file model_36.txt (compact mmCIF, C-alpha atoms)
# COMPACT_ATOMS: atom_id res chain seq x y z
CA MET A 276 -16.11 -4.92 -8.02
CA PHE A 277 -13.31 -4.35 -10.49
CA ASP A 278 -10.74 -7.00 -11.41
CA ALA A 279 -7.80 -4.79 -12.46
CA GLY A 280 -6.43 -1.94 -10.43
CA LEU A 281 -3.95 -0.32 -8.12
CA TYR A 282 -3.61 -0.90 -4.42
CA VAL A 283 -2.01 0.63 -1.38
CA PHE A 284 -1.43 -2.03 1.23
CA LEU A 285 -1.22 -0.86 4.85
CA LEU A 286 0.83 -2.98 7.25
CA ARG A 287 1.84 -2.39 10.85
CA LEU A 288 5.22 -3.66 12.04
CA LYS A 289 4.90 -3.97 15.82
CA SER A 290 8.62 -4.27 16.53
CA PRO A 291 11.78 -3.42 14.56
CA ALA A 292 13.12 -6.03 12.16
CA THR A 293 16.23 -6.54 10.06
CA LEU A 294 15.25 -8.33 6.87
CA ALA A 295 16.97 -9.61 3.75
CA VAL A 296 14.97 -8.23 0.82
CA GLY A 297 16.03 -10.13 -2.29
CA ALA A 298 18.56 -8.27 -4.44
CA LEU A 299 18.16 -5.14 -2.27
CA GLY A 300 20.05 -6.89 0.52
CA GLU A 301 19.60 -6.61 4.27
CA HIS A 302 17.76 -3.58 5.69
CA HIS A 303 16.51 -2.39 9.06
CA PHE A 304 12.79 -1.67 9.33
CA PRO A 305 11.75 0.35 12.39
CA ALA A 306 8.45 -0.39 14.12
CA GLY A 307 5.63 1.61 12.57
CA TRP A 308 3.26 1.75 9.63
CA TYR A 309 4.23 0.77 6.07
CA LEU A 310 2.34 1.59 2.89
CA TYR A 311 3.14 -0.37 -0.25
CA THR A 312 1.84 0.71 -3.66
CA GLY A 313 1.31 -1.91 -6.34
CA SER A 314 -0.86 -2.91 -9.28
CA ALA A 315 -2.61 -5.94 -10.72
CA LYS A 316 -3.76 -6.21 -14.32
CA ARG A 317 -6.17 -8.93 -13.22
CA ASN A 318 -7.22 -10.74 -10.04
CA LEU A 319 -6.76 -7.64 -7.87
CA HIS A 320 -8.60 -9.17 -4.93
CA ARG A 321 -6.32 -12.24 -4.99
CA ARG A 322 -3.16 -10.13 -5.26
CA VAL A 323 -4.09 -8.09 -2.20
CA ALA A 324 -5.19 -11.19 -0.28
CA ARG A 325 -1.85 -12.83 -1.11
CA HIS A 326 -0.02 -9.95 0.54
CA TRP A 327 -1.68 -10.68 3.87
CA SER A 328 -1.36 -14.45 3.74
CA VAL A 329 1.49 -16.70 4.82
CA LYS A 330 3.38 -17.59 1.66
CA PRO A 331 6.06 -20.20 1.10
CA THR A 332 7.62 -18.29 -1.80
CA ARG A 333 8.72 -14.68 -1.55
CA ARG A 334 8.07 -13.32 -5.02
CA TRP A 335 7.88 -9.55 -4.43
CA HIS A 336 9.88 -7.24 -2.17
CA PHE A 337 6.78 -6.75 -0.04
CA ASP A 338 6.58 -10.48 0.70
CA HIS A 339 9.70 -10.12 2.86
CA LEU A 340 8.12 -7.39 4.97
CA SER A 341 4.63 -8.89 5.16
CA THR A 342 6.02 -12.20 6.49
CA ALA A 343 8.25 -10.56 9.11
CA PRO A 344 7.65 -11.47 12.74
CA ASP A 345 5.26 -8.98 14.35
CA SER A 346 3.89 -7.76 11.01
CA GLU A 347 0.15 -7.18 10.96
CA PRO A 348 -1.92 -6.48 7.83
CA VAL A 349 -4.35 -3.62 8.37
CA GLY A 350 -6.06 -3.47 4.98
CA ALA A 351 -5.76 -2.00 1.52
CA VAL A 352 -7.09 0.88 -0.52
CA VAL A 353 -7.84 -0.16 -4.09
CA VAL A 354 -8.44 1.99 -7.17
CA PRO A 355 -9.68 0.67 -10.54
CA LEU A 356 -7.29 0.94 -13.49
CA ALA A 357 -10.15 2.62 -15.34
CA ALA A 358 -9.82 5.60 -12.96
CA GLY A 359 -7.00 6.91 -15.13
CA VAL A 360 -4.38 7.25 -12.40
CA GLY A 361 -1.13 5.32 -12.76
CA GLU A 362 0.74 3.35 -10.11
CA CYS A 363 3.50 5.95 -9.78
CA GLU A 364 1.07 8.85 -9.46
CA LEU A 365 -0.83 6.94 -6.78
CA ASN A 366 2.49 6.22 -5.07
CA ARG A 367 3.33 9.95 -5.04
CA ARG A 368 -0.08 10.77 -3.53
CA VAL A 369 0.55 8.25 -0.77
CA GLY A 370 3.94 9.85 -0.11
CA THR A 371 2.26 13.23 0.24
CA LEU A 372 -0.20 11.83 2.78
CA VAL A 373 2.43 10.18 4.99
CA GLY A 374 5.26 12.68 4.81
CA ARG A 375 7.48 11.17 2.12
CA GLN A 376 9.62 8.85 4.24
CA TYR A 377 10.81 5.78 2.37
CA PRO A 378 12.89 3.28 4.35
CA VAL A 379 14.56 1.30 1.54
CA PRO A 380 15.56 2.87 -1.79
CA GLY A 381 14.19 0.85 -4.71
CA PHE A 382 11.77 -1.21 -2.59
CA GLY A 383 8.89 -2.32 -4.80
CA ALA A 384 10.09 -0.10 -7.64
CA SER A 385 12.24 -2.45 -9.71
CA ASP A 386 9.89 -2.06 -12.69
CA CYS A 387 9.16 1.64 -12.10
CA ARG A 388 9.55 3.76 -15.24
CA GLU A 389 8.95 7.15 -13.61
CA GLY A 390 11.92 7.27 -11.26
CA CYS A 391 10.10 6.73 -7.97
CA PRO A 392 12.62 6.34 -5.12
CA ALA A 393 10.53 3.43 -3.80
CA HIS A 394 6.97 2.13 -3.72
CA LEU A 395 7.13 1.63 0.05
CA TRP A 396 6.48 4.46 2.49
CA PHE A 397 6.96 4.57 6.25
CA SER A 398 5.18 6.45 9.02
CA ALA A 399 6.09 6.26 12.70
CA ALA A 400 2.62 7.62 13.52
CA PRO A 401 -0.50 5.49 13.00
CA VAL A 402 -2.08 5.72 9.56
CA SER A 403 -5.86 5.63 9.14
CA LEU A 404 -7.14 3.40 6.37
CA LEU A 405 -10.07 5.79 5.90
CA GLY A 406 -7.66 8.72 5.69
CA LEU A 407 -5.63 6.78 3.16
CA ALA A 408 -8.75 6.50 0.98
CA ARG A 409 -8.12 10.18 0.19
CA VAL A 410 -5.63 9.10 -2.51
CA HIS A 411 -8.43 8.89 -5.08
CA ALA A 412 -12.15 9.60 -5.30
CA THR A 413 -12.87 6.09 -6.65
CA ALA A 414 -11.00 4.31 -3.85
CA ALA A 415 -12.52 1.28 -2.16
CA LEU A 416 -11.27 -0.48 0.97
CA LEU A 417 -10.40 -4.14 1.39
CA MET A 418 -9.95 -5.67 4.82
CA PRO A 419 -8.33 -9.00 5.74
CA GLY A 420 -10.97 -11.73 5.52
CA ALA A 421 -13.62 -9.41 4.06
CA ASP A 422 -14.84 -8.18 0.73
CA PHE A 423 -14.51 -4.71 -0.77
CA TRP A 424 -16.08 -1.78 1.01
CA GLU A 425 -16.76 1.38 -0.94
CA PRO A 426 -17.01 4.32 1.47
CA ASP A 427 -19.67 6.94 0.80
CA LEU A 428 -17.48 10.01 0.37
CA HIS A 429 -20.36 12.33 1.29
CA GLU A 430 -20.93 10.57 4.63
CA LEU A 431 -17.22 10.70 5.47
CA GLY A 432 -17.10 14.47 4.96
CA ASP A 433 -13.67 15.92 5.67
CA ALA A 434 -12.11 12.48 6.22
CA VAL A 435 -11.84 12.07 2.44
CA ASP A 436 -10.99 14.57 -0.29
CA PRO A 437 -13.41 13.63 -3.11
CA THR A 438 -11.11 15.17 -5.73
CA GLY A 439 -8.50 12.51 -4.99
CA ARG A 440 -5.76 15.15 -4.87
CA GLY A 441 -4.95 14.66 -1.19
CA PRO A 442 -4.18 17.38 1.32
call {"tool": "encode", "arguments": {"input": "model_36.txt", "output": "structure tokens"}}
result
Amino acid sequence: MFDAGLYVFLLRLKSPATLAVGALGEHHFPAGWYLYTGSAKRNLHRRVARHWSVKPTRRWHFDHLSTAPDSEPVGAVVVPLAAGVGECELNRRVGTLVGRQYPVPGFGASDCREGCPAHLWFSAAPVSLLGLARVHATAALLMPGADFWEPDLHELGDAVDPTGRGP
């Protein structure tokens, strides 16, 4: 599996929470499904695994949400850097899939150079990890406590758009 890449982390927040998010201040997060887009130039597997572990230090905006009471990691979609898609483009594709609702302006986008409103998306309705794999044809899935799983796009049929363009 690849060492450098992009990821979309899927987290379920079972109950609403008000959280202090570093320099962004205090924000209300309704119960629902959150999708966070990020990247790792190396150690992609470790970066994603860190997001669903208990961590003493909150380094990234997402650490505040992933350590909230009643937060539950669902999994991640990962795309190799070699696929030629950038983090912001992947982020826009995710927004298209979930209806473009971002709960906190600037969340996860402090180093964004393309003007993304945020790198965190929200959906009140459940989000399918397999459906999320539609963001790119080279997507693989990573589950908590497991290794990468590369879905066979032909077996999944309509569940995945092999062009990676989304709906």
call {"tool": "atom_distance", "arguments": {"input": "model_36.txt", "atom1": "atom CA of Gly307 of chain A", "atom2": "atom CA of Leu356 of chain A"}}
result
29.1 Å
call {"tool": "closest_atom_pairs", "arguments": {"input": "model_36.txt", "of": "segment 376-423 of chain A", "to": "segment 281-285 of chain A", "cutoff": "10 Å", "atoms": "all atoms listed in the file", "output": "Markdown table"}}
result
| residue | atom | partner | partner_atom | distance |
| --- | --- | --- | --- | --- |
| A:His394 | CA | A:Val283 | CA | 9.4 |
| A:Leu395 | CA | A:Val283 | CA | 9.3 |
| A:Trp396 | CA | A:Leu285 | CA | 9.7 |
| A:Phe397 | CA | A:Leu285 | CA | 9.9 |
| A:Val402 | CA | A:Leu285 | CA | 8.1 |
| A:Ser403 | CA | A:Leu285 | CA | 9.1 |
| A:Leu404 | CA | A:Leu285 | CA | 7.5 |
| A:Leu407 | CA | A:Val283 | CA | 8.5 |
| A:Ala408 | CA | A:Val283 | CA | 9.2 |
| A:Val410 | CA | A:Val283 | CA | 9.3 |
| A:Ala414 | CA | A:Tyr282 | CA | 9.1 |
| A:Ala415 | CA | A:Tyr282 | CA | 9.4 |
| A:Leu416 | CA | A:Tyr282 | CA | 9.4 |
| A:Leu417 | CA | A:Phe284 | CA | 9.2 |
| A:Met418 | CA | A:Phe284 | CA | 9.9 |
call {"tool": "closest_residue", "arguments": {"input": "model_36.txt", "among": "A:Pro401, A:Gly313, A:Gly374, A:Gly406", "to": "Val353 of chain A", "atoms": "all atoms listed in the file"}}
result
A:Gly313
call {"tool": "residues_around", "arguments": {"input": "model_36.txt", "residues": "Arg367 of chain A", "least_positions_apart": "4", "cutoff": "10 Å", "atoms": "only C-alpha atoms", "output": "list in words"}}
result
Thr312, Glu362, Cys363, Thr371, Leu372, Arg375, Cys391, Pro392, Ala393, His394, Trp396 and Val410 of chain A
call {"tool": "residues_around", "arguments": {"input": "model_36.txt", "residues": "segment 298-300 of chain A", "least_positions_apart": "6", "cutoff": "12 Å", "atoms": "all atoms listed in the file", "output": "ChimeraX atom specification"}}
result
/A:334-337,339,378-385,393
call {"tool": "residues_around", "arguments": {"input": "model_36.txt", "residues": "Ser290 of chain A", "least_positions_apart": "6", "cutoff": "7 Å", "atoms": "only C-alpha atoms", "output": "MDAnalysis selection string"}}
result
chainID A and resid 305:306 345
call {"tool": "atom_distance", "arguments": {"input": "model_36.txt", "atom1": "atom CA of Ala292 of chain A", "atom2": "atom CA of Leu319 of chain A"}}
result
28.3 Å
call {"tool": "atom_distance", "arguments": {"input": "model_36.txt", "atom1": "atom CA of Val352 of chain A", "atom2": "atom CA of Pro291 of chain A"}}
result
24.5 Å
call {"tool": "closest_residue", "arguments": {"input": "model_36.txt", "among": "A:Leu310, A:Val296, A:Leu340, A:Ala351", "to": "Ala399 of chain A", "atoms": "all atoms listed in the file"}}
result
A:Leu310
call {"tool": "closest_residue", "arguments": {"input": "model_36.txt", "among": "A:Arg388, A:Lys316, A:Arg287, A:Arg321", "to": "Pro348 of chain A", "atoms": "all atoms listed in the file"}}
result
A:Arg287
call {"tool": "closest_residue", "arguments": {"input": "model_36.txt", "among": "A:Ala279, A:Leu286, A:Ala412, A:Leu405", "to": "Glu347 of chain A", "atoms": "only C-alpha atoms"}}
result
A:Leu286
call {"tool": "closest_residue", "arguments": {"input": "model_36.txt", "among": "A:Ala324, A:Ala315, A:Ala400, A:Ala343", "to": "Ala295 of chain A", "atoms": "all atoms listed in the file"}}
result
A:Ala343
